[in-house]
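Undergrad: Here you go, this is entry01.txt (compact mmCIF, C-alpha atoms).
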# COMPACT_ATOMS: atom_id res chain seq x y z
CA MET A 1039 -17.98 9.03 -16.66
CA ALA A 1040 -19.57 5.62 -16.69
CA ALA A 1041 -21.70 4.52 -13.80
CA LEU A 1042 -20.01 3.07 -10.76
CA ARG A 1043 -18.89 -0.52 -11.34
CA CYS A 1044 -17.53 -2.71 -8.64
CA CYS A 1045 -17.75 -5.86 -6.68
CA PHE A 1046 -19.53 -9.18 -6.33
CA ALA A 1047 -20.04 -10.24 -9.93
CA GLY A 1048 -21.39 -13.59 -8.79
CA SER A 1049 -24.07 -12.33 -6.42
CA SER A 1050 -27.76 -12.49 -7.14
CA ALA A 1051 -29.11 -11.22 -3.86
CA VAL A 1052 -32.42 -9.39 -4.08
CA GLY A 1053 -33.20 -6.72 -1.56
CA GLY A 1054 -29.72 -7.02 -0.09
CA GLY A 1055 -28.31 -3.81 -1.53
CA PHE A 1056 -27.02 -5.28 -4.82
CA PHE A 1057 -27.80 -4.19 -8.34
CA LYS A 1058 -26.30 -5.04 -11.70
CA PRO A 1059 -25.31 -2.24 -14.10
CA SER A 1060 -26.52 -2.93 -17.60
CA SER A 1061 -24.03 -4.69 -19.91
CA ARG A 1062 -21.25 -4.40 -17.34
CA ARG A 1063 -19.53 -7.08 -15.35
CA GLY A 1064 -19.54 -6.49 -11.64
CA TRP A 1065 -21.94 -5.68 -8.85
CA CYS A 1066 -22.16 -2.49 -6.90
CA ALA A 1067 -23.04 -2.87 -3.25
CA PRO A 1068 -23.83 0.49 -1.67
CA ALA A 1069 -24.45 -1.20 1.67
CA VAL A 1070 -22.70 -4.54 1.77
CA ALA A 1071 -23.67 -6.60 4.78
CA ALA A 1072 -20.94 -8.24 6.83
CA PRO A 1073 -20.38 -11.85 5.76
CA SER A 1074 -22.57 -14.21 7.75
CA ARG A 1075 -20.78 -16.80 9.86
CA GLU A 1076 -23.80 -19.06 9.49
CA ALA A 1077 -23.99 -18.93 5.72
CA GLY A 1078 -22.88 -21.82 3.55
CA PRO A 1079 -19.80 -22.23 1.35
CA GLY A 1080 -18.88 -19.26 -0.80
CA SER A 1081 -20.29 -16.70 1.66
CA SER A 1082 -16.98 -15.19 2.78
CA LEU A 1083 -15.84 -11.84 1.43
CA GLY A 1084 -13.05 -13.65 -0.37
CA GLU A 1085 -15.42 -15.96 -2.21
CA ARG A 1086 -17.82 -13.12 -3.02
CA THR A 1087 -15.16 -10.87 -4.54
CA ARG A 1088 -12.62 -13.17 -6.22
CA VAL A 1089 -14.96 -13.67 -9.19
CA ASP A 1090 -14.13 -10.06 -10.15
CA PHE A 1091 -10.40 -10.86 -10.46
CA PRO A 1092 -9.77 -12.80 -13.69
CA VAL A 1093 -6.09 -13.45 -12.96
CA LEU A 1094 -6.98 -15.57 -9.94
CA HIS A 1095 -8.85 -18.14 -12.03
CA GLN A 1096 -5.84 -19.92 -13.50
CA GLU A 1097 -4.08 -23.24 -13.15
CA PHE A 1098 -0.38 -24.01 -13.39
CA ASN A 1099 0.87 -27.57 -13.65
CA GLY A 1100 -2.63 -28.82 -12.93
CA ALA A 1101 -3.06 -26.87 -9.68
CA LYS A 1102 -5.24 -23.82 -9.04
CA LEU A 1103 -3.31 -20.61 -8.49
CA VAL A 1104 -3.07 -19.43 -4.89
CA TYR A 1105 -1.81 -15.85 -4.94
CA PHE A 1106 -0.25 -14.86 -1.60
CA ASP A 1107 2.08 -12.09 -2.81
CA ASN A 1108 -0.25 -9.17 -2.19
CA GLY A 1109 2.32 -7.30 -0.12
CA ALA A 1110 4.28 -6.83 -3.34
CA THR A 1111 1.30 -6.01 -5.56
CA SER A 1112 -2.43 -6.64 -5.54
CA GLN A 1113 -4.56 -8.01 -8.34
CA LYS A 1114 -6.98 -5.82 -10.30
CA PRO A 1115 -10.76 -6.24 -10.60
CA SER A 1116 -12.44 -6.23 -13.99
CA SER A 1117 -13.94 -2.80 -13.32
CA VAL A 1118 -10.46 -1.23 -13.12
CA MET A 1119 -9.35 -2.86 -16.37
CA GLU A 1120 -12.58 -1.78 -18.06
CA THR A 1121 -11.99 1.79 -16.88
CA LEU A 1122 -8.50 1.81 -18.38
CA ASP A 1123 -9.81 0.35 -21.62
CA GLU A 1124 -12.61 2.92 -21.74
CA TYR A 1125 -10.15 5.80 -21.28
CA TYR A 1126 -7.85 4.70 -24.10
CA ARG A 1127 -10.70 3.74 -26.43
CA SER A 1128 -13.08 6.60 -25.81
CA TYR A 1129 -11.44 9.79 -24.54
CA ASN A 1130 -7.65 9.48 -24.58
CA SER A 1131 -6.30 13.02 -24.46
CA ASN A 1132 -3.90 15.16 -22.50
CA VAL A 1133 -5.24 16.91 -19.43
CA HIS A 1134 -5.42 20.57 -18.43
CA ARG A 1135 -4.24 21.75 -21.85
CA GLY A 1136 -7.04 21.48 -24.35
CA ILE A 1137 -10.47 23.00 -24.80
CA HIS A 1138 -11.83 20.23 -27.02
CA ALA A 1139 -14.27 17.62 -25.75
CA LEU A 1140 -11.79 14.77 -25.29
CA SER A 1141 -9.40 16.89 -23.25
CA ALA A 1142 -12.23 18.23 -21.12
CA LYS A 1143 -13.49 14.72 -20.40
CA ALA A 1144 -10.01 13.40 -19.60
CA THR A 1145 -9.31 16.37 -17.33
CA ASP A 1146 -12.58 15.87 -15.50
CA ALA A 1147 -11.89 12.15 -14.99
CA TYR A 1148 -8.32 12.82 -13.84
CA GLU A 1149 -9.33 15.47 -11.32
CA THR A 1150 -12.27 13.34 -10.19
CA ALA A 1151 -9.74 10.61 -9.39
CA ARG A 1152 -7.82 13.12 -7.27
CA ARG A 1153 -10.98 13.93 -5.35
CA LYS A 1154 -11.65 10.22 -4.86
CA VAL A 1155 -8.20 9.76 -3.33
CA ALA A 1156 -8.75 12.78 -1.06
CA ASN A 1157 -12.10 11.46 0.11
CA PHE A 1158 -10.73 7.94 0.56
CA ILE A 1159 -8.11 9.08 3.10
CA ASN A 1160 -10.18 12.06 4.36
CA ALA A 1161 -7.84 14.81 3.21
CA ALA A 1162 -9.18 18.29 3.93
CA ASP A 1163 -8.69 19.42 0.32
CA SER A 1164 -8.09 17.59 -2.95
CA ARG A 1165 -5.19 20.00 -3.58
CA GLU A 1166 -3.36 18.07 -0.85
CA ILE A 1167 -3.13 15.05 -3.19
CA VAL A 1168 -0.17 14.94 -5.59
CA PHE A 1169 -0.10 12.14 -8.16
CA THR A 1170 3.31 10.50 -8.49
CA ARG A 1171 4.65 7.40 -10.26
CA ASN A 1172 4.52 5.43 -7.00
CA ALA A 1173 5.09 5.81 -3.27
CA THR A 1174 8.85 5.73 -3.82
CA GLU A 1175 8.68 8.83 -5.99
CA ALA A 1176 6.40 10.47 -3.44
CA ILE A 1177 8.99 9.98 -0.69
CA ASN A 1178 11.75 11.26 -2.97
CA LEU A 1179 9.61 14.31 -3.70
CA VAL A 1180 9.43 15.14 0.00
CA ALA A 1181 13.12 14.35 0.55
CA TYR A 1182 14.28 16.66 -2.24
CA SER A 1183 11.61 19.39 -2.27
CA TRP A 1184 11.25 19.70 1.49
CA GLY A 1185 14.40 18.05 2.82
CA LEU A 1186 17.04 19.89 0.83
CA SER A 1187 15.48 23.25 1.73
CA ASN A 1188 14.87 22.58 5.41
CA LEU A 1189 17.71 20.36 6.63
CA LYS A 1190 21.23 21.44 7.55
CA LEU A 1191 24.32 20.25 9.40
CA GLY A 1192 23.35 19.15 12.92
CA ASP A 1193 19.72 18.38 12.11
CA GLU A 1194 18.41 14.86 12.64
CA ILE A 1195 16.11 12.52 10.71
CA VAL A 1196 14.50 9.77 12.82
CA LEU A 1197 13.43 6.42 11.36
CA THR A 1198 13.06 2.81 12.50
CA VAL A 1199 15.10 -0.18 11.39
CA ALA A 1200 11.89 -1.67 9.96
CA GLU A 1201 11.49 0.92 7.20
CA HIS A 1202 11.30 -0.03 3.52
CA HIS A 1203 14.35 0.95 1.45
CA SER A 1204 12.16 3.53 -0.31
CA ALA A 1205 11.81 5.35 3.00
CA ILE A 1206 15.52 5.13 3.84
CA VAL A 1207 17.62 5.65 0.72
CA PRO A 1208 16.19 9.07 -0.30
CA TRP A 1209 16.98 10.40 3.18
CA GLN A 1210 20.49 8.99 2.95
CA PHE A 1211 20.93 11.04 -0.23
CA VAL A 1212 19.61 14.14 1.50
CA SER A 1213 21.70 13.61 4.64
CA GLN A 1214 24.84 13.36 2.52
CA LYS A 1215 24.00 16.64 0.81
CA THR A 1216 22.90 18.59 3.91
CA GLY A 1217 24.96 17.12 6.74
CA ALA A 1218 21.85 16.00 8.61
CA THR A 1219 22.15 12.80 10.65
CA LEU A 1220 19.95 9.71 10.41
CA LYS A 1221 18.95 8.00 13.65
CA TYR A 1222 17.15 4.66 13.91
CA ALA A 1223 14.94 3.16 16.57
CA GLY A 1224 15.52 -0.57 16.95
CA LEU A 1225 13.26 -3.51 17.79
CA THR A 1226 11.84 -4.77 21.06
CA LYS A 1227 12.18 -8.40 22.12
CA GLU A 1228 8.70 -8.88 20.62
CA GLU A 1229 10.18 -7.96 17.23
CA VAL A 1230 8.30 -4.71 16.79
CA PRO A 1231 9.77 -1.22 16.39
CA ASP A 1232 10.75 0.17 19.78
CA ILE A 1233 8.44 3.15 20.12
CA GLU A 1234 9.84 4.20 23.48
CA GLN A 1235 13.31 4.30 21.97
CA LEU A 1236 11.95 6.34 19.06
CA LYS A 1237 10.39 8.76 21.52
CA GLY A 1238 13.73 9.06 23.30
CA LEU A 1239 15.50 9.93 20.04
CA LEU A 1240 13.31 12.99 19.50
CA SER A 1241 14.81 16.37 20.36
CA ASN A 1242 14.89 19.91 19.09
CA LYS A 1243 17.43 18.65 16.53
CA THR A 1244 14.81 16.34 15.00
CA LYS A 1245 13.36 17.88 11.85
CA ILE A 1246 11.47 14.95 10.33
CA VAL A 1247 10.33 11.50 11.47
CA VAL A 1248 9.88 8.87 8.74
CA VAL A 1249 7.86 5.80 9.75
CA HIS A 1250 5.68 3.10 8.24
CA HIS A 1251 2.07 2.66 9.27
CA VAL A 1252 2.12 -1.14 8.86
CA SER A 1253 5.34 -3.13 8.40
CA ASN A 1254 5.65 -5.09 5.16
CA VAL A 1255 7.76 -7.72 6.97
CA LEU A 1256 6.68 -7.81 10.61
CA GLY A 1257 2.98 -7.18 10.06
CA SER A 1258 3.03 -4.81 13.04
CA MET A 1259 1.25 -1.46 13.18
CA LEU A 1260 2.76 1.73 14.58
CA PRO A 1261 0.78 4.22 16.74
CA VAL A 1262 1.11 7.05 14.24
CA GLU A 1263 -1.11 9.45 16.18
CA GLU A 1264 1.17 9.20 19.22
CA ILE A 1265 4.30 9.54 17.09
CA VAL A 1266 2.85 12.68 15.49
CA GLU A 1267 2.02 14.11 18.91
CA TRP A 1268 5.55 13.48 20.22
CA SER A 1269 7.11 14.85 17.03
CA ASN A 1270 5.01 18.00 17.06
CA LYS A 1271 6.24 18.80 20.55
CA VAL A 1272 9.79 19.11 19.24
CA GLY A 1273 8.73 20.87 16.03
CA ALA A 1274 9.39 17.91 13.72
CA LYS A 1275 7.43 16.92 10.63
CA VAL A 1276 6.17 13.34 10.17
CA LEU A 1277 6.09 11.33 6.93
CA VAL A 1278 4.10 8.08 6.96
CA ASP A 1279 4.63 5.21 4.53
CA ALA A 1280 1.06 3.87 4.28
CA CYS A 1281 1.58 1.41 1.43
CA GLN A 1282 0.57 -1.54 3.63
CA SER A 1283 -2.30 0.19 5.43
CA VAL A 1284 -4.28 2.23 2.90
CA PRO A 1285 -5.28 -0.90 0.89
CA HIS A 1286 -6.32 -2.85 3.98
CA MET A 1287 -8.02 -0.58 6.52
CA PRO A 1288 -9.69 2.82 6.89
CA VAL A 1289 -7.03 5.55 6.96
CA ASP A 1290 -7.92 9.08 8.04
CA VAL A 1291 -5.05 11.52 7.50
CA GLN A 1292 -6.71 14.24 9.54
CA LYS A 1293 -7.04 11.89 12.49
CA LEU A 1294 -3.46 10.64 12.11
CA GLY A 1295 -2.21 14.21 11.90
CA ALA A 1296 0.85 13.39 9.78
CA ASP A 1297 2.33 16.10 7.59
CA PHE A 1298 2.94 13.71 4.69
CA LEU A 1299 1.58 10.29 3.76
CA VAL A 1300 2.34 8.14 0.72
CA ALA A 1301 0.74 5.11 -0.94
CA SER A 1302 0.85 3.20 -4.24
CA SER A 1303 -2.05 2.38 -6.55
CA HIS A 1304 -0.79 -1.08 -7.46
CA LYS A 1305 -1.10 -2.30 -3.86
CA MET A 1306 -4.73 -1.13 -3.64
CA CYS A 1307 -6.19 -2.94 -6.66
CA GLY A 1308 -5.28 -0.12 -9.04
CA PRO A 1309 -2.89 0.12 -12.00
CA THR A 1310 0.88 0.25 -11.76
CA GLY A 1311 2.71 3.47 -12.59
CA VAL A 1312 0.80 5.80 -10.27
CA GLY A 1313 0.80 6.57 -6.59
CA PHE A 1314 0.14 9.61 -4.47
CA LEU A 1315 1.57 11.95 -1.90
CA TYR A 1316 -0.69 13.53 0.69
CA GLY A 1317 0.74 16.69 2.18
CA LYS A 1318 -0.79 19.42 4.31
CA PHE A 1319 -1.54 22.23 1.89
CA GLU A 1320 0.36 24.92 3.79
CA ILE A 1321 3.48 22.75 3.73
CA LEU A 1322 3.14 21.86 0.04
CA SER A 1323 2.70 25.56 -0.74
CA SER A 1324 6.03 26.35 0.93
CA MET A 1325 7.99 23.69 -0.98
CA GLU A 1326 10.07 24.07 -4.12
CA PRO A 1327 9.12 22.00 -7.19
CA PHE A 1328 10.50 18.48 -7.48
CA LEU A 1329 10.84 18.43 -11.29
CA GLY A 1330 10.85 21.25 -13.82
CA GLY A 1331 8.89 21.26 -17.06
CA GLY A 1332 5.45 21.85 -18.45
CA GLU A 1333 2.33 22.13 -16.31
CA MET A 1334 4.16 22.99 -13.07
CA ILE A 1335 4.78 26.62 -13.98
CA ALA A 1336 2.84 29.87 -13.71
CA ASP A 1337 5.10 31.97 -15.97
CA VAL A 1338 8.40 31.26 -17.73
CA PHE A 1339 10.94 33.98 -18.55
CA PRO A 1340 14.41 33.65 -20.10
CA ASP A 1341 16.17 33.69 -16.74
CA LYS A 1342 13.55 32.51 -14.23
CA SER A 1343 10.15 30.93 -13.76
CA THR A 1344 7.32 31.17 -11.30
CA TYR A 1345 5.46 28.10 -10.18
CA ALA A 1346 1.89 26.90 -10.07
CA GLU A 1347 0.08 26.22 -6.83
CA PRO A 1348 0.03 22.66 -5.47
CA PRO A 1349 -0.64 20.05 -6.64
CA SER A 1350 0.27 21.19 -10.18
CA ARG A 1351 3.62 22.46 -8.91
CA PHE A 1352 4.68 18.85 -8.34
CA GLU A 1353 3.20 17.23 -11.45
CA ALA A 1354 5.57 18.28 -14.22
CA GLY A 1355 4.85 16.94 -17.70
CA THR A 1356 2.13 14.63 -18.87
CA PRO A 1357 1.01 12.49 -15.93
CA ALA A 1358 -0.14 8.88 -15.88
CA ILE A 1359 -3.66 9.92 -16.84
CA GLY A 1360 -5.25 6.55 -17.53
CA GLU A 1361 -3.54 5.03 -14.51
CA ALA A 1362 -4.81 7.78 -12.19
CA ILE A 1363 -8.33 7.31 -13.54
CA GLY A 1364 -7.88 3.57 -12.99
CA LEU A 1365 -6.85 4.27 -9.39
CA GLY A 1366 -10.10 6.16 -9.02
CA ALA A 1367 -11.97 3.06 -10.22
CA ALA A 1368 -10.07 0.93 -7.71
CA ILE A 1369 -11.11 3.30 -4.94
CA ASP A 1370 -14.72 2.98 -6.13
CA TYR A 1371 -14.37 -0.79 -5.87
CA LEU A 1372 -12.81 -0.76 -2.40
CA SER A 1373 -15.31 1.81 -1.16
CA CYS A 1374 -18.14 -0.25 -2.56
CA ILE A 1375 -17.14 -3.10 -0.27
CA GLY A 1376 -16.27 -0.82 2.64
CA MET A 1377 -12.80 -0.51 4.14
CA ASP A 1378 -14.12 -1.39 7.58
CA LYS A 1379 -15.43 -4.70 6.21
CA ILE A 1380 -12.16 -5.37 4.39
CA TYR A 1381 -10.26 -4.70 7.62
CA GLU A 1382 -12.42 -7.03 9.70
CA TYR A 1383 -12.32 -9.85 7.14
CA GLU A 1384 -8.57 -9.57 6.64
CA ARG A 1385 -8.01 -9.48 10.38
CA GLU A 1386 -9.87 -12.78 10.71
CA LEU A 1387 -8.09 -14.26 7.69
CA GLY A 1388 -4.69 -13.06 8.87
CA THR A 1389 -5.28 -14.63 12.28
CA TYR A 1390 -6.15 -17.90 10.57
CA LEU A 1391 -2.96 -17.71 8.50
CA TYR A 1392 -0.79 -17.01 11.56
CA LYS A 1393 -2.30 -19.81 13.67
CA SER A 1394 -2.07 -22.27 10.78
CA LEU A 1395 1.53 -21.39 9.97
CA ILE A 1396 2.79 -21.33 13.56
CA SER A 1397 1.57 -24.91 13.96
CA VAL A 1398 3.90 -26.17 11.22
CA PRO A 1399 7.05 -27.75 12.68
CA LYS A 1400 10.36 -25.97 12.03
CA VAL A 1401 8.66 -22.70 11.06
CA GLN A 1402 9.61 -19.39 12.68
CA ILE A 1403 7.36 -16.36 12.08
CA TYR A 1404 8.83 -12.87 12.50
CA GLY A 1405 7.06 -9.98 14.14
CA PRO A 1406 4.66 -9.87 17.08
CA ALA A 1407 2.68 -12.87 18.25
CA LEU A 1408 -1.09 -12.50 18.10
CA SER A 1409 -1.19 -12.07 21.87
CA GLN A 1410 1.31 -9.21 21.70
CA ALA A 1411 -0.34 -7.09 18.99
CA ASP A 1412 -3.48 -5.01 18.93
CA HIS A 1413 -3.33 -5.40 15.18
CA ARG A 1414 -1.40 -7.79 13.00
CA ALA A 1415 -1.53 -7.30 9.22
CA PRO A 1416 -2.67 -10.26 7.08
CA LEU A 1417 0.88 -11.31 6.27
CA CYS A 1418 3.52 -13.58 7.77
CA SER A 1419 7.23 -13.43 7.08
CA PHE A 1420 8.82 -16.70 8.10
CA ASN A 1421 11.68 -19.13 7.72
CA VAL A 1422 11.83 -22.91 7.85
CA GLU A 1423 14.72 -24.46 9.74
CA ASN A 1424 17.48 -25.68 7.42
CA PHE A 1425 15.70 -24.34 4.29
CA HIS A 1426 16.54 -21.29 2.23
CA PRO A 1427 13.38 -19.18 1.80
CA THR A 1428 13.91 -18.92 -1.96
CA ASP A 1429 13.93 -22.72 -2.22
CA ILE A 1430 10.65 -22.85 -0.31
CA ALA A 1431 9.07 -20.21 -2.55
CA GLU A 1432 10.30 -21.90 -5.73
CA ILE A 1433 9.01 -25.35 -4.77
CA LEU A 1434 5.64 -23.97 -3.68
CA ASP A 1435 5.32 -22.30 -7.05
CA LEU A 1436 6.52 -25.13 -9.29
CA GLU A 1437 4.88 -28.02 -7.46
CA HIS A 1438 1.76 -26.48 -5.93
CA SER A 1439 1.04 -23.21 -7.82
CA VAL A 1440 1.27 -21.22 -4.58
CA ALA A 1441 2.77 -17.76 -5.11
CA ILE A 1442 4.61 -16.26 -2.16
CA ARG A 1443 7.65 -13.97 -1.98
CA SER A 1444 11.16 -14.59 -0.71
CA GLY A 1445 14.13 -12.34 -0.15
CA HIS A 1446 14.74 -9.28 2.02
CA HIS A 1447 11.50 -7.53 0.93
CA CYS A 1448 13.37 -4.22 0.51
CA ALA A 1449 14.15 -4.29 4.23
CA GLN A 1450 17.78 -5.38 4.58
CA ILE A 1451 18.42 -3.38 7.75
CA LEU A 1452 15.45 -5.07 9.40
CA HIS A 1453 16.57 -8.53 8.34
CA ARG A 1454 20.07 -7.94 9.69
CA THR A 1455 18.54 -6.74 12.95
CA LEU A 1456 16.60 -10.01 13.11
CA GLY A 1457 19.83 -11.90 12.49
CA ILE A 1458 18.81 -13.29 9.10
CA HIS A 1459 19.53 -12.51 5.46
CA ALA A 1460 16.12 -13.28 3.96
CA SER A 1461 12.67 -14.64 4.69
CA ALA A 1462 9.65 -16.04 2.93
CA ARG A 1463 6.44 -14.01 3.05
CA ALA A 1464 2.81 -14.95 2.55
CA SER A 1465 0.63 -11.85 2.28
CA LEU A 1466 -3.15 -11.82 1.86
CA HIS A 1467 -5.88 -9.57 0.53
CA PHE A 1468 -9.65 -9.57 0.85
CA TYR A 1469 -10.14 -11.81 -2.20
CA ASN A 1470 -8.19 -14.63 -0.53
CA THR A 1471 -9.90 -17.37 1.49
CA LYS A 1472 -9.30 -19.76 4.38
CA GLU A 1473 -9.42 -22.60 1.87
CA GLU A 1474 -6.42 -21.07 0.10
CA VAL A 1475 -4.60 -20.81 3.42
CA ASP A 1476 -5.24 -24.53 3.91
CA VAL A 1477 -3.80 -25.27 0.45
CA PHE A 1478 -0.71 -23.20 1.27
CA ILE A 1479 -0.17 -24.91 4.62
CA ASP A 1480 -0.60 -28.39 3.13
CA ALA A 1481 1.83 -27.54 0.33
CA LEU A 1482 4.36 -26.19 2.81
CA LYS A 1483 4.12 -29.30 4.98
CA THR A 1484 4.53 -31.54 1.93
CA THR A 1485 7.59 -29.57 0.85
CA ILE A 1486 9.19 -29.76 4.29
CA ASP A 1487 8.45 -33.48 4.64
CA PHE A 1488 9.84 -34.29 1.20
CA PHE A 1489 13.18 -32.63 1.87
CA THR A 1490 13.53 -33.71 5.50
CA PRO A 1491 15.70 -36.82 5.89
CA GLU A 1492 14.06 -39.69 7.71
CA HIS A 1493 15.59 -40.65 11.04
Step by step, read the file and then write its structure as structure tokens.
TA:
Amino acid sequence: MAALRCCFAGSSAVGGGFFKPSSRRGWCAPAVAAPSREAGPGSSLGERTRVDFPVLHQEFNGAKLVYFDNGATSQKPSSVMETLDEYYRSYNSNVHRGIHALSAKATDAYETARRKVANFINAADSREIVFTRNATEAINLVAYSWGLSNLKLGDEIVLTVAEHHSAIVPWQFVSQKTGATLKYAGLTKEEVPDIEQLKGLLSNKTKIVVVHHVSNVLGSMLPVEEIVEWSNKVGAKVLVDACQSVPHMPVDVQKLGADFLVASSHKMCGPTGVGFLYGKFEILSSMEPFLGGGEMIADVFPDKSTYAEPPSRFEAGTPAIGEAIGLGAAIDYLSCIGMDKIYEYERELGTYLYKSLISVPKVQIYGPALSQADHRAPLCSFNVENFHPTDIAEILDLEHSVAIRSGHHCAQILHRTLGIHASARASLHFYNTKEEVDVFIDALKTTIDFFTPEH
């Protein structure tokens, strides 16, 4: 494989841990120093990394793009796109099936990507990583392969009202087929999932608890380690939706203790079309296959088949090879910066976003206040009094080239619990800056002022 390529294409620091790979765009920083508060303009992590993201350097209607829709999908650095291009140009081949040089190289790159994922979340064994199309498929895999075999009439599945549809609908399917019951923990007055209520729902009837790590609407973070501890006491498994945490902070699955964890490549600077399931190996080994076909078998007979060991058991057919390799490149990029540094920068940037947005008249932000949360993700879901959120999002886009999201964010139950039908959402990543937050806030104020009748 090519040498590691990653961040800070615009840096020229000498003796600061940077070096430039020959004939490659991008800088690798084995030991990136924390951004200096005393440095001049362009010293923030956002300014230092955004040069590696070509899509960010565009204008629409004469205004520079401000991309604040990272909760839906992240942008991709040049190194990831180069890795995809290199795979298709240089060693495109199917994996695990050929003895020729191209197949061997593709197989090595694909399995190296699996090891990168395992290391990134500190899995005990790379065999605990199953590549899927996305986090949604990963949750469906658990629901069908584990759920259908282990749930029965009278069993209970515990969730919160703040879960993404991808973490709810598959379990609705399974509950209808098995007779198991779904139970939901509600919200506190601070608009965060009620953990004490969740704890009270747990009993010897509880077989699996399905929770997010970080909410894609509220920006709140759940104490997964405590939830796992409570669940283990009643013999229940725990599945964690980590789509909004893995791209933004260090995540250690062994420390969390969850039985399953899912995430998507496209939210962590990698390609679309690939995600992963982490599962404890002993549990994966006990599960039936999700899909039948090639690659997932050991032996096939006219009337029966035997199955391969995990993870192959759950990867039927030709996988998203280039995309998985691209995910590996994205992990190289994120690791090159350091997830602890990304977390700290985004925490500061998210605080700046919240304080700036809460100061705008007629704006209501959902989720915990800064004073009520140990951690608040770098996103704000909000509404403006007497404005539909889609109108706000459309005007920001057309008039100011600011990209945010509006709608129910695949969380209709949560929105109904909040007493609303939809919200607008501004969500940040490490390549965003305070200057962009200022542009967003100014554009929002202009929009509100323009459509507010004078008195």
Undergrad: Would you pick out the contacts of Thr1356 in chain A at 8 Å or less, using all atoms listed in the file, so that residues sharing its chain but fewer than 4 positions from it are not included, and give the list as an MDAnalysis selection string?
TA: chainID A and resid 1132:1133 1332:1333
Undergrad: Hey, what's within 12 Å of Val1207 in chain A if we count all atoms listed in the file and toss same-chain stuff fewer than 3 positions away? As a ChimeraX atom specification, please?
TA: /A:1174-1175,1177-1178,1181-1182,1197,1201-1204,1210-1214,1220,1248,1448-1451
Undergrad: Using only C-alpha atoms, please write the residues we just selected to a file, as an mmCIF file, in the frame of the given file.
TA:
data_model
loop_
_atom_site.group_PDB
_atom_site.id
_atom_site.type_symbol
_atom_site.label_atom_id
_atom_site.label_comp_id
_atom_site.auth_asym_id
_atom_site.auth_seq_id
_atom_site.Cartn_x
_atom_site.Cartn_y
_atom_site.Cartn_z
ATOM 1 C CA THR A 1174 8.850 5.730 -3.820
ATOM 2 C CA GLU A 1175 8.680 8.830 -5.990
ATOM 3 C CA ILE A 1177 8.990 9.980 -0.690
ATOM 4 C CA ASN A 1178 11.750 11.260 -2.970
ATOM 5 C CA ALA A 1181 13.120 14.350 0.550
ATOM 6 C CA TYR A 1182 14.280 16.660 -2.240
ATOM 7 C CA LEU A 1197 13.430 6.420 11.360
ATOM 8 C CA GLU A 1201 11.490 0.920 7.200
ATOM 9 C CA HIS A 1202 11.300 -0.030 3.520
ATOM 10 C CA HIS A 1203 14.350 0.950 1.450
ATOM 11 C CA SER A 1204 12.160 3.530 -0.310
ATOM 12 C CA GLN A 1210 20.490 8.990 2.950
ATOM 13 C CA PHE A 1211 20.930 11.040 -0.230
ATOM 14 C CA VAL A 1212 19.610 14.140 1.500
ATOM 15 C CA SER A 1213 21.700 13.610 4.640
ATOM 16 C CA GLN A 1214 24.840 13.360 2.520
ATOM 17 C CA LEU A 1220 19.950 9.710 10.410
ATOM 18 C CA VAL A 1248 9.880 8.870 8.740
ATOM 19 C CA CYS A 1448 13.370 -4.220 0.510
ATOM 20 C CA ALA A 1449 14.150 -4.290 4.230
ATOM 21 C CA GLN A 1450 17.780 -5.380 4.580
ATOM 22 C CA ILE A 1451 18.420 -3.380 7.750
#
Undergrad: Fewer than 3 positions away in the same chain doesn't count, so skip those; otherwise give me all residues within 7 Å of range 1299-1315 of chain A, counting only C-alpha atoms, as a list of chain:residue names.
TA: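 Result of the neighbour search: A:Thr1111, A:Ser1112, A:Gln1113, A:Lys1114, A:Pro1115, A:Val1118, A:Ile1167, A:Val1168, A:Phe1169, A:Thr1170, A:Arg1171, A:Asn1172, A:Ala1173, A:Ala1176, A:Leu1277, A:Val1278, A:Asp1279, A:Ala1280, A:Cys1281, A:Val1284, A:Pro1285, A:Ala1296, A:Ala1358, A:Glu1361, A:Ala1362, A:Gly1364, A:Leu1365, A:Ala1368.
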Undergrad: Please determine, counting all atoms listed in the file, which residue among A:Leu1391, A:Met1259, A:Ala1218, A:Ala1274 has the shortest atom-to-atom distance to Lys1472 in chain A.
TA: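 For Lys1472 in chain A, the nearest of the given residues is A:Leu1391.
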Undergrad: If we count all atoms listed in the file, what is near Ser1461 in chain A at a cut-off of 10 Å, once residues fewer than 4 positions away on the same chain are taken out, given as a list in words?
TA: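 Once the nearby chain positions are removed, what remains is Val1255, Gln1402, Ile1403, Tyr1404, Cys1418, Ser1419, Phe1420, Asn1421, Val1422, His1426, Pro1427, Thr1428, Ile1430, Ala1431, Arg1443, Ser1444, Gly1445, His1446, His1447 and His1453 of chain A.
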Undergrad: With C-alpha atoms retained, write the just-selected residues as a compact mmCIF listing (two decimals), in the frame of the given file.
TA:
# COMPACT_ATOMS: atom_id res chain seq x y z
CA VAL A 1255 7.76 -7.72 6.97
CA GLN A 1402 9.61 -19.39 12.68
CA ILE A 1403 7.36 -16.36 12.08
CA TYR A 1404 8.83 -12.87 12.50
CA CYS A 1418 3.52 -13.58 7.77
CA SER A 1419 7.23 -13.43 7.08
CA PHE A 1420 8.82 -16.70 8.10
CA ASN A 1421 11.68 -19.13 7.72
CA VAL A 1422 11.83 -22.91 7.85
CA HIS A 1426 16.54 -21.29 2.23
CA PRO A 1427 13.38 -19.18 1.80
CA THR A 1428 13.91 -18.92 -1.96
CA ILE A 1430 10.65 -22.85 -0.31
CA ALA A 1431 9.07 -20.21 -2.55
CA ARG A 1443 7.65 -13.97 -1.98
CA SER A 1444 11.16 -14.59 -0.71
CA GLY A 1445 14.13 -12.34 -0.15
CA HIS A 1446 14.74 -9.28 2.02
CA HIS A 1447 11.50 -7.53 0.93
CA HIS A 1453 16.57 -8.53 8.34
